[in-house]
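Engineer: CSV, C-alpha atoms, saved as work38.csv, coming up:
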```csv
chain,number,residue,atom,x,y,z
A,1,MET,CA,41.0,56.8,30.7
A,2,MET,CA,41.8,53.9,28.4
A,3,LEU,CA,40.0,51.5,30.8
A,4,ALA,CA,36.9,53.7,30.7
A,5,LEU,CA,36.9,53.8,26.9
A,6,ALA,CA,37.3,50.0,26.7
A,7,CYS,CA,34.4,49.5,29.1
A,8,GLY,CA,32.3,52.0,27.1
A,9,THR,CA,33.1,50.1,23.9
A,10,ILE,CA,32.1,46.8,25.5
A,11,ALA,CA,28.9,48.3,26.8
A,12,ALA,CA,28.0,49.7,23.4
A,13,ARG,CA,28.6,46.3,21.7
A,14,ALA,CA,26.4,44.6,24.4
A,15,ASP,CA,23.6,47.2,23.7
A,16,GLU,CA,23.9,46.6,19.9
A,17,ALA,CA,23.6,42.8,20.5
A,18,THR,CA,20.2,43.3,22.1
A,19,ILE,CA,18.6,46.1,20.0
A,20,TRP,CA,15.8,44.7,17.9
A,21,PRO,CA,14.1,45.1,15.5
A,22,PRO,CA,16.2,46.9,12.8
A,23,LYS,CA,14.5,49.1,10.2
A,24,LEU,CA,13.8,46.1,7.9
A,25,VAL,CA,13.2,42.5,9.0
A,26,ARG,CA,12.5,39.9,6.4
A,27,ILE,CA,10.8,36.7,7.4
A,28,VAL,CA,11.6,33.9,5.0
A,29,VAL,CA,9.0,31.2,4.5
A,30,PRO,CA,10.4,28.1,2.8
A,31,PHE,CA,7.0,27.2,1.2
A,32,GLY,CA,4.6,28.9,-1.1
A,33,PRO,CA,1.8,31.5,-0.4
A,34,GLY,CA,-1.2,29.9,1.3
A,35,SER,CA,0.7,27.2,3.1
A,36,THR,CA,0.5,26.9,6.9
A,37,PRO,CA,4.0,28.3,7.4
A,38,ASP,CA,3.1,31.2,5.2
A,39,LEU,CA,-0.1,31.9,7.2
A,40,VAL,CA,1.9,31.7,10.5
A,41,GLY,CA,4.6,34.0,9.1
A,42,ARG,CA,2.1,36.6,8.0
A,43,VAL,CA,0.2,36.6,11.2
A,44,LEU,CA,3.4,37.0,13.1
A,45,ALA,CA,4.7,39.8,10.8
A,46,ASP,CA,1.4,41.7,11.2
A,47,SER,CA,1.6,41.5,14.9
A,48,LEU,CA,5.3,42.6,15.1
A,49,GLN,CA,4.5,45.4,12.6
A,50,ALA,CA,1.7,46.7,14.8
A,51,ARG,CA,3.9,46.8,17.8
A,52,HIS,CA,7.0,48.2,16.0
A,53,PRO,CA,5.6,50.8,13.5
A,54,GLY,CA,9.1,52.2,13.0
A,55,SER,CA,10.3,48.9,11.3
A,56,SER,CA,9.1,47.0,8.3
A,57,PHE,CA,8.4,43.3,8.5
A,58,VAL,CA,8.4,41.6,5.1
A,59,VAL,CA,7.5,38.0,4.4
A,60,GLU,CA,9.5,36.4,1.5
A,61,ASN,CA,8.3,33.1,0.1
A,62,LYS,CA,11.2,30.9,-1.1
A,63,PRO,CA,9.7,27.5,-1.8
A,64,GLY,CA,11.4,24.4,-3.2
A,65,ALA,CA,13.3,21.2,-2.3
A,66,SER,CA,11.0,20.3,0.5
A,67,GLY,CA,11.8,23.6,2.3
A,68,ASN,CA,15.5,23.4,1.9
A,69,ILE,CA,15.9,26.4,-0.4
A,70,GLY,CA,14.2,28.9,2.0
A,71,THR,CA,15.9,27.4,5.0
A,72,ASP,CA,19.3,27.7,3.3
A,73,THR,CA,18.5,31.3,2.6
A,74,VAL,CA,18.2,31.9,6.3
A,75,ALA,CA,21.3,29.8,7.1
A,76,LYS,CA,23.5,31.9,4.8
A,77,ALA,CA,22.1,35.3,5.9
A,78,LYS,CA,24.1,37.7,8.1
A,79,PRO,CA,23.4,36.9,11.8
A,80,ASP,CA,22.2,40.4,12.8
A,81,GLY,CA,18.5,39.9,13.4
A,82,ALA,CA,17.4,41.3,10.1
A,83,THR,CA,16.7,37.9,8.6
A,84,LEU,CA,14.4,35.3,10.3
A,85,GLY,CA,12.7,32.2,9.0
A,86,ILE,CA,9.6,30.2,9.6
A,87,SER,CA,10.4,26.5,9.6
A,88,LEU,CA,9.2,23.1,10.6
A,89,GLY,CA,10.2,19.5,11.2
A,90,GLY,CA,11.0,18.8,7.6
A,91,PRO,CA,13.8,21.3,6.8
A,92,LEU,CA,15.1,21.2,10.4
A,93,ALA,CA,15.1,17.4,11.1
A,94,ILE,CA,13.4,15.0,8.7
A,95,ASN,CA,15.2,16.2,5.6
A,96,THR,CA,18.6,15.3,7.2
A,97,LEU,CA,17.3,11.7,6.9
A,98,LEU,CA,15.8,12.0,3.4
A,99,PHE,CA,18.5,13.8,1.5
A,100,ALA,CA,22.0,12.5,0.8
A,101,LYS,CA,23.3,16.1,1.3
A,102,LEU,CA,21.8,19.4,2.5
A,103,PRO,CA,23.2,22.8,1.6
A,104,TYR,CA,23.1,23.7,5.3
A,105,ASP,CA,23.7,22.0,8.6
A,106,PRO,CA,20.7,22.6,10.9
A,107,SER,CA,22.8,22.0,14.1
A,108,ARG,CA,25.5,24.5,13.0
A,109,ASP,CA,24.0,27.0,10.6
A,110,ILE,CA,20.6,27.6,12.2
A,111,ALA,CA,19.9,29.4,15.5
A,112,PRO,CA,16.6,28.2,17.1
A,113,ILE,CA,14.5,31.1,18.4
A,114,THR,CA,11.2,29.6,19.5
A,115,LEU,CA,8.5,27.1,18.7
A,116,LEU,CA,5.6,29.1,17.2
A,117,THR,CA,2.6,26.9,16.7
A,118,THR,CA,1.2,23.4,16.6
A,119,MET,CA,-1.8,22.0,14.6
A,120,PRO,CA,-3.5,18.6,14.6
A,121,SER,CA,-3.3,16.2,11.6
A,122,VAL,CA,-6.0,13.7,11.1
A,123,LEU,CA,-6.4,10.2,9.6
A,124,ALA,CA,-9.2,10.8,7.1
A,125,VAL,CA,-11.0,8.4,4.8
A,126,PRO,CA,-13.8,8.8,2.2
A,127,SER,CA,-17.2,8.3,3.8
A,128,SER,CA,-17.8,5.8,1.0
A,129,LEU,CA,-15.1,3.5,2.4
A,130,GLY,CA,-17.7,2.4,5.0
A,131,VAL,CA,-15.5,2.4,8.1
A,132,SER,CA,-16.2,4.3,11.3
A,133,ASN,CA,-13.1,3.8,13.4
A,134,VAL,CA,-9.4,3.0,13.1
A,135,ALA,CA,-9.9,-0.7,13.9
A,136,GLU,CA,-12.3,-1.1,11.0
A,137,PHE,CA,-10.0,0.8,8.7
A,138,ILE,CA,-7.0,-1.4,9.6
A,139,ALA,CA,-9.1,-4.5,9.1
A,140,LYS,CA,-10.1,-3.3,5.6
A,141,VAL,CA,-6.5,-2.6,4.8
A,142,LYS,CA,-5.4,-6.1,5.8
A,143,ALA,CA,-8.2,-7.6,3.9
A,144,THR,CA,-7.1,-5.9,0.6
A,145,THR,CA,-4.6,-8.1,-1.2
A,146,ASP,CA,-2.7,-5.3,-3.0
A,147,GLY,CA,-3.1,-2.8,-0.1
A,148,LEU,CA,-5.3,0.3,0.0
A,149,ALA,CA,-3.8,3.6,-1.5
A,150,TYR,CA,-3.2,6.6,0.6
A,151,ALA,CA,-2.5,10.2,-0.4
A,152,SER,CA,0.2,12.5,0.9
A,153,ILE,CA,1.4,16.0,0.1
A,154,GLY,CA,4.7,14.8,-1.3
A,155,ALA,CA,7.4,12.2,-0.9
A,156,GLY,CA,9.0,12.5,2.5
A,157,SER,CA,6.3,14.8,3.8
A,158,LEU,CA,4.9,14.4,7.3
A,159,SER,CA,1.7,13.2,5.8
A,160,GLN,CA,3.5,10.3,4.1
A,161,LEU,CA,5.5,9.4,7.2
A,162,CYS,CA,2.4,9.4,9.4
A,163,MET,CA,0.7,6.9,7.1
A,164,GLU,CA,3.8,4.8,6.8
A,165,ALA,CA,4.0,4.7,10.6
A,166,ILE,CA,0.4,3.7,10.9
A,167,ALA,CA,0.9,0.9,8.4
A,168,GLN,CA,4.1,-0.3,10.1
A,169,LYS,CA,2.4,-0.3,13.6
A,170,ALA,CA,-0.6,-2.2,12.2
A,171,GLY,CA,1.5,-4.7,10.2
A,172,ALA,CA,-0.3,-3.7,7.1
A,173,ARG,CA,0.7,-2.8,3.5
A,174,MET,CA,-0.4,0.5,1.9
A,175,VAL,CA,0.4,2.1,-1.4
A,176,HIS,CA,1.7,5.7,-1.5
A,177,ILE,CA,0.4,8.2,-4.0
A,178,PRO,CA,1.9,11.7,-3.6
A,179,TYR,CA,0.1,14.9,-4.6
A,180,ALA,CA,1.1,18.5,-4.9
A,181,GLY,CA,-0.4,19.9,-1.7
A,182,SER,CA,-3.4,19.3,0.6
A,183,PRO,CA,-6.1,20.5,-1.8
A,184,ASN,CA,-5.2,17.9,-4.4
A,185,ALA,CA,-4.9,15.2,-1.8
A,186,VAL,CA,-8.3,16.0,-0.4
A,187,THR,CA,-9.9,16.0,-3.9
A,188,ALA,CA,-8.4,12.6,-4.5
A,189,LEU,CA,-9.8,11.4,-1.2
A,190,ILE,CA,-13.3,12.6,-2.0
A,191,ARG,CA,-13.3,11.0,-5.5
A,192,GLY,CA,-12.1,7.7,-4.0
A,193,ASP,CA,-8.8,7.8,-6.0
A,194,VAL,CA,-7.2,7.0,-2.6
A,195,GLN,CA,-8.7,5.5,0.5
A,196,ALA,CA,-6.9,7.4,3.3
A,197,ALA,CA,-4.7,10.3,4.1
A,198,CYS,CA,-3.0,11.9,7.1
A,199,LEU,CA,-3.5,15.6,6.5
A,200,PRO,CA,-3.8,18.9,8.5
A,201,ALA,CA,-7.2,18.9,10.1
A,202,ILE,CA,-8.1,22.3,8.6
A,203,SER,CA,-7.7,20.9,5.1
A,204,VAL,CA,-10.4,18.3,5.5
A,205,GLU,CA,-12.7,20.2,7.9
A,206,PRO,CA,-15.1,21.4,5.2
A,207,GLN,CA,-15.5,17.9,3.8
A,208,ARG,CA,-15.9,16.5,7.3
A,209,THR,CA,-18.7,18.8,8.1
A,210,THR,CA,-20.5,18.0,4.9
A,211,GLY,CA,-20.1,14.3,5.4
A,212,LYS,CA,-17.9,13.6,2.4
A,213,VAL,CA,-14.9,12.6,4.5
A,214,LYS,CA,-14.8,10.6,7.7
A,215,VAL,CA,-12.1,11.6,10.3
A,216,LEU,CA,-11.1,8.5,12.3
A,217,ALA,CA,-8.4,9.9,14.6
A,218,VAL,CA,-6.1,12.8,15.4
A,219,SER,CA,-2.4,12.2,15.3
A,220,THR,CA,-1.5,14.4,18.2
A,221,GLN,CA,-0.5,13.1,21.6
A,222,GLN,CA,-3.7,14.3,23.2
A,223,ARG,CA,-7.1,15.1,21.8
A,224,SER,CA,-7.3,18.3,19.9
A,225,PRO,CA,-9.4,21.2,21.4
A,226,PHE,CA,-10.6,21.8,17.9
A,227,LEU,CA,-11.9,18.2,17.5
A,228,PRO,CA,-12.6,17.1,21.1
A,229,ASP,CA,-14.8,14.1,20.1
A,230,ILE,CA,-12.2,12.6,17.8
A,231,PRO,CA,-9.9,10.0,19.5
A,232,THR,CA,-6.1,10.0,19.1
A,233,LEU,CA,-4.4,7.3,17.1
A,234,LYS,CA,-3.0,5.9,20.4
A,235,GLU,CA,-6.4,5.7,21.9
A,236,SER,CA,-7.5,3.8,18.8
A,237,GLY,CA,-4.8,1.2,19.2
A,238,ILE,CA,-2.1,2.6,16.9
A,239,ASP,CA,0.7,4.2,18.9
A,240,VAL,CA,1.7,6.9,16.4
A,241,GLN,CA,2.2,10.5,17.1
A,242,SER,CA,2.6,13.0,14.2
A,243,ASP,CA,2.9,16.6,15.5
A,244,ALA,CA,2.7,19.3,12.9
A,245,TRP,CA,4.5,22.4,14.1
A,246,ASN,CA,6.1,25.6,13.0
A,247,ALA,CA,9.1,27.4,14.5
A,248,LEU,CA,11.1,30.6,14.2
A,249,ILE,CA,14.7,30.3,13.3
A,250,ALA,CA,17.6,32.7,12.5
A,251,PRO,CA,21.1,32.3,11.0
A,252,GLY,CA,23.6,30.5,13.2
A,253,GLY,CA,25.9,32.8,15.1
A,254,LEU,CA,23.1,35.2,16.2
A,255,PRO,CA,24.3,36.8,19.4
A,256,PRO,CA,22.5,35.3,22.5
A,257,GLY,CA,21.2,38.7,23.5
A,258,LEU,CA,19.4,39.1,20.2
A,259,ILE,CA,18.0,35.5,20.5
A,260,ASP,CA,16.6,36.4,23.9
A,261,LYS,CA,15.2,39.7,22.7
A,262,ILE,CA,13.5,38.2,19.6
A,263,ASN,CA,12.1,35.3,21.6
A,264,ALA,CA,10.6,37.8,24.1
A,265,GLU,CA,9.0,39.8,21.3
A,266,VAL,CA,7.5,36.8,19.6
A,267,ARG,CA,6.2,35.5,22.9
A,268,ALA,CA,4.4,38.8,23.3
A,269,SER,CA,2.9,38.4,19.8
A,270,LEU,CA,1.7,34.9,20.4
A,271,ALA,CA,0.0,36.0,23.6
A,272,ASP,CA,-2.0,38.7,21.7
A,273,PRO,CA,-5.7,37.8,21.7
A,274,ASN,CA,-6.0,38.9,18.1
A,275,VAL,CA,-3.1,36.6,17.0
A,276,VAL,CA,-4.6,33.7,19.0
A,277,ALA,CA,-8.0,34.2,17.3
A,278,ARG,CA,-6.5,34.4,13.8
A,279,LEU,CA,-4.5,31.2,14.4
A,280,ASN,CA,-7.4,29.3,16.1
A,281,ALA,CA,-9.6,30.1,13.2
A,282,GLN,CA,-7.3,27.8,11.2
A,283,MET,CA,-7.1,25.1,13.9
A,284,ILE,CA,-3.6,26.3,14.9
A,285,SER,CA,-2.5,26.8,18.5
A,286,PRO,CA,0.2,29.2,19.7
A,287,ALA,CA,3.0,27.2,21.4
A,288,PRO,CA,6.0,29.4,22.3
A,289,SER,CA,9.1,27.9,23.8
A,290,SER,CA,12.7,28.6,24.8
A,291,PRO,CA,15.4,28.3,22.2
A,292,GLU,CA,16.7,25.2,24.0
A,293,GLU,CA,13.2,23.6,24.0
A,294,LEU,CA,13.0,24.1,20.3
A,295,ARG,CA,16.5,22.6,19.8
A,296,ARG,CA,15.3,19.5,21.8
A,297,LYS,CA,12.1,19.4,19.7
A,298,ILE,CA,14.2,19.2,16.5
A,299,ALA,CA,16.4,16.4,17.9
A,300,ASP,CA,13.3,14.5,19.1
A,301,GLU,CA,11.7,14.9,15.6
A,302,LYS,CA,14.7,13.3,13.9
A,303,GLN,CA,14.7,10.4,16.4
A,304,LEU,CA,11.0,9.9,16.0
A,305,TRP,CA,11.0,9.4,12.3
A,306,ALA,CA,14.4,7.7,11.7
A,307,ASP,CA,13.1,4.1,12.0
A,308,VAL,CA,10.0,4.8,10.0
A,309,ILE,CA,12.0,6.3,7.1
A,310,ARG,CA,14.5,3.4,7.2
A,311,ALA,CA,11.7,0.8,7.3
A,312,ALA,CA,9.8,2.4,4.5
A,313,GLY,CA,12.8,3.0,2.3
A,314,VAL,CA,11.9,6.7,1.8
A,315,ARG,CA,14.7,8.7,0.1
A,316,ILE,CA,14.9,11.9,-1.9
A,317,GLU,CA,17.8,12.3,-4.3
```
Translate the structure of the given file into structure tokens.
Structural biologist:
Amino acid sequence: MMLALACGTIAARADEATIWPPKLVRIVVPFGPGSTPDLVGRVLADSLQARHPGSSFVVENKPGASGNIGTDTVAKAKPDGATLGISLGGPLAINTLLFAKLPYDPSRDIAPITLLTTMPSVLAVPSSLGVSNVAEFIAKVKATTDGLAYASIGAGSLSQLCMEAIAQKAGARMVHIPYAGSPNAVTALIRGDVQAACLPAISVEPQRTTGKVKVLAVSTQQRSPFLPDIPTLKESGIDVQSDAWNALIAPGGLPPGLIDKINAEVRASLADPNVVARLNAQMISPAPSSPEELRRKIADEKQLWADVIRAAGVRIE
């Protein structure tokens, strides 16, 4: 009798560890409304809501400290599947190299669920700069005594690291000017306040189509399906890869059964044609993965940028 009760208790606990979603699921986005992680989080929340009408999926924006505040919110939440987070390479990998101390340990306090999306970044210049490819751009940079200025969306951002990597590979000097987000950086590019930027392709697409901005290369490993005629940086002679991605995370300690269940639910959402269409409209591609593949992605991202950050002397206090 006692053995039967014990077995029943174990079975019940096993069932509880795989029941998802609960009545309320909050999806924490560590950046503000309108950002790419916010867009991805809301598309995912809408899809999960449609498939699970008995639950509520609420997106909470908690921006600040280069994504650390929102990520810490997830790290310190109860590991029961009721709190998830949208994250990316910054809070999960790059920030460990930029900040003297983080309020969370990504390897211990965060449970990777799945990679969600990838999107191309591009090397863009003002059309008035008069260059048509990466080689001509690098030649102009080297011919400028004080170095051309480039824009980024903030100190330590992927847009800064991409440009620093390009400069280092080319043996050229460039001057960094940070801006508060892609719209401000694009405006500076159009006005000629800066001469280059590595930004999400979608942020410069309107200016590319009107001819105000020239896109020289994509920073992805392979050509983007959204810009098939634009060569990669590597094709252009600069071996730099800057992969912008978003992922789904949860508090560390989430039971393996719940991790697998949430992963399967999110994969189903990312395969939904409506979700694919909404993401593709923003030049974003679904890219689901296993939890372990995401864990390796985080480790690879840290290794990818460590030397660039050290050589550029990038640091955030």
Engineer: Residues around (-2.1, 23.8, 20.2), cut-off 6 Å, counting all atoms listed in the file - what are they as a list in words?
Structural biologist: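 Residues satisfying the cut-off, written out: Thr118, Met119, Ser285 and Pro286 of chain A.
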Engineer: Point out the residue among A:Leu102, A:Val314, A:Val215, A:Met283 with the least atom-to-atom distance to Thr36 of chain A, counting only C-alpha atoms.
Structural biologist: A:Met283
Engineer: What is the atom CA of Val125 of chain A-atom CA of Leu199 of chain A distance in Å, reported with one decimal?
Structural biologist: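 One can read the atom CA of Val125 of chain A to atom CA of Leu199 of chain A distance as 10.5 Å.
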Engineer: Of the candidates A:Gly252, A:Thr232, A:Val240, A:Leu227, which shows the shortest atom-to-atom distance to Met163 of chain A, using all atoms listed in the file?
Structural biologist: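 Going through A:Gly252, A:Thr232, A:Val240, A:Leu227 one by one, the smallest distance to Met163 of chain A is for A:Val240.
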Engineer: Counting only C-alpha atoms, what is within 12 Å of Ala170 of chain A, bar same-chain residues fewer than 6 positions away, as a PDB file with C-alpha atoms, in the frame of the given file?
Structural biologist:
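For reference, around05.pdb as written:
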```
ATOM      1  CA  VAL A 134      -9.400   3.000  13.100  1.00  0.00           C
ATOM      2  CA  ALA A 135      -9.900  -0.700  13.900  1.00  0.00           C
ATOM      3  CA  GLU A 136     -12.300  -1.100  11.000  1.00  0.00           C
ATOM      4  CA  PHE A 137     -10.000   0.800   8.700  1.00  0.00           C
ATOM      5  CA  ILE A 138      -7.000  -1.400   9.600  1.00  0.00           C
ATOM      6  CA  ALA A 139      -9.100  -4.500   9.100  1.00  0.00           C
ATOM      7  CA  LYS A 140     -10.100  -3.300   5.600  1.00  0.00           C
ATOM      8  CA  VAL A 141      -6.500  -2.600   4.800  1.00  0.00           C
ATOM      9  CA  LYS A 142      -5.400  -6.100   5.800  1.00  0.00           C
ATOM     10  CA  MET A 163       0.700   6.900   7.100  1.00  0.00           C
ATOM     11  CA  GLU A 164       3.800   4.800   6.800  1.00  0.00           C
ATOM     12  CA  LEU A 233      -4.400   7.300  17.100  1.00  0.00           C
ATOM     13  CA  LYS A 234      -3.000   5.900  20.400  1.00  0.00           C
ATOM     14  CA  SER A 236      -7.500   3.800  18.800  1.00  0.00           C
ATOM     15  CA  GLY A 237      -4.800   1.200  19.200  1.00  0.00           C
ATOM     16  CA  ILE A 238      -2.100   2.600  16.900  1.00  0.00           C
ATOM     17  CA  ASP A 239       0.700   4.200  18.900  1.00  0.00           C
ATOM     18  CA  VAL A 240       1.700   6.900  16.400  1.00  0.00           C
TER      19      VAL A 240
END
```
Engineer: Quick check, in Å to one decimal: how far apart do atom CA of Ala111 of chain A and atom CA of Leu92 of chain A lie?
Structural biologist: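 According to the coordinates, atom CA of Ala111 of chain A and atom CA of Leu92 of chain A are separated by 10.8 Å.
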Engineer: I want to know what sits within 8 Å of segment 50-59 of chain A, based on only C-alpha atoms, with residues of the same chain fewer than 2 positions away left out; could you give that as a list of chain:residue names?
Structural biologist: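 That gives A:Pro21, A:Pro22, A:Lys23, A:Leu24, A:Val25, A:Arg26, A:Ile27, A:Val28, A:Val29, A:Gly41, A:Arg42, A:Ala45, A:Asp46, A:Ser47, A:Leu48, A:Asn61.
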Engineer: Could you tell me how far atom CA of Ala264 of chain A lies from atom CA of Ala82 of chain A, in Å and to one decimal?
Structural biologist: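 If I compute the distance from atom CA of Ala264 of chain A to atom CA of Ala82 of chain A, I get 16.0 Å.
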Engineer: Which residues, written as a list in words, have at least one atom at most 8 Å from Gly64 of chain A, with only C-alpha atoms counted and residues fewer than 4 positions away on the same chain left out?
Structural biologist: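 What passes the distance filter is Pro30, Phe31, Asn68, Ile69 and Gly70 of chain A.
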Engineer: May I have the protein, DNA and RNA residues with any atom at most 10 Å from the point (-6.3, 24.9, 3.4), counting only C-alpha atoms, written as an mmCIF file with C-alpha atoms, keeping the file's coordinate frame?
Structural biologist:
```cif
data_model
loop_
_atom_site.group_PDB
_atom_site.id
_atom_site.type_symbol
_atom_site.label_atom_id
_atom_site.label_comp_id
_atom_site.auth_asym_id
_atom_site.auth_seq_id
_atom_site.Cartn_x
_atom_site.Cartn_y
_atom_site.Cartn_z
ATOM 1 C CA GLY A 34 -1.200 29.900 1.300
ATOM 2 C CA SER A 35 0.700 27.200 3.100
ATOM 3 C CA THR A 36 0.500 26.900 6.900
ATOM 4 C CA GLY A 181 -0.400 19.900 -1.700
ATOM 5 C CA SER A 182 -3.400 19.300 0.600
ATOM 6 C CA PRO A 183 -6.100 20.500 -1.800
ATOM 7 C CA VAL A 186 -8.300 16.000 -0.400
ATOM 8 C CA PRO A 200 -3.800 18.900 8.500
ATOM 9 C CA ALA A 201 -7.200 18.900 10.100
ATOM 10 C CA ILE A 202 -8.100 22.300 8.600
ATOM 11 C CA SER A 203 -7.700 20.900 5.100
ATOM 12 C CA VAL A 204 -10.400 18.300 5.500
ATOM 13 C CA GLU A 205 -12.700 20.200 7.900
ATOM 14 C CA PRO A 206 -15.100 21.400 5.200
ATOM 15 C CA GLN A 282 -7.300 27.800 11.200
#
```
Engineer: In terms of the shortest atom-to-atom distance over all atoms listed in the file, which of A:Ala167, A:Ile249, A:Ile94, A:Ala196 is closest to Ile262 of chain A?
Structural biologist: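 Closest residue, counting all atoms listed in the file: A:Ile249.
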Engineer: What are the closest atom pairs, with distances in Å to one decimal, for all residues of segment 76-122 of chain A lying within 10 Å of segment 297-303 of chain A? Consider all atoms listed in the file, order rows by chain and residue number, and present the result as a Markdown table.
Structural biologist:
```
| residue | atom | partner | partner_atom | distance |
| --- | --- | --- | --- | --- |
| A:Leu88 | CA | A:Ile298 | CA | 8.7 |
| A:Gly89 | CA | A:Glu301 | CA | 6.5 |
| A:Gly90 | CA | A:Glu301 | CA | 8.9 |
| A:Pro91 | CA | A:Ile298 | CA | 9.9 |
| A:Leu92 | CA | A:Ile298 | CA | 6.5 |
| A:Ala93 | CA | A:Lys302 | CA | 5.0 |
| A:Ile94 | CA | A:Lys302 | CA | 5.6 |
| A:Asn95 | CA | A:Lys302 | CA | 8.8 |
| A:Thr96 | CA | A:Lys302 | CA | 8.0 |
| A:Leu97 | CA | A:Lys302 | CA | 7.6 |
| A:Pro106 | CA | A:Ile298 | CA | 9.2 |
| A:Ser107 | CA | A:Ala299 | CA | 9.3 |
| A:Pro112 | CA | A:Ile298 | CA | 9.3 |
| A:Leu115 | CA | A:Lys297 | CA | 8.6 |
```
Engineer: Do you know which residues are at most 7 Å from Val218 of chain A counting only C-alpha atoms, after dropping those on the same chain fewer than 2 positions away, and could you put them as a ChimeraX atom specification?
Structural biologist: /A:120-123,220,223,230-233
Engineer: When distances are computed from only C-alpha atoms, which of A:Ala149, A:Val266, A:Ile19, A:Ile309 shows the smallest separation from Ala287 of chain A?
Structural biologist: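 Checking each candidate against Ala287 of chain A, we get A:Val266 as the closest.
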Engineer: Please determine, counting only C-alpha atoms, which residue among A:Arg315, A:Arg267, A:Arg296, A:Lys78 has the shortest atom-to-atom distance to Leu44 of chain A.
Structural biologist: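 Among A:Arg315, A:Arg267, A:Arg296, A:Lys78, it is A:Arg267 that comes nearest to Leu44 of chain A.
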Engineer: Quick one: of A:Gln49, A:Asn133, A:Thr144, A:Thr187, who's nearest to Ala217 of chain A, counting only C-alpha atoms?
Structural biologist: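 The closest residue to Ala217 of chain A is A:Asn133.
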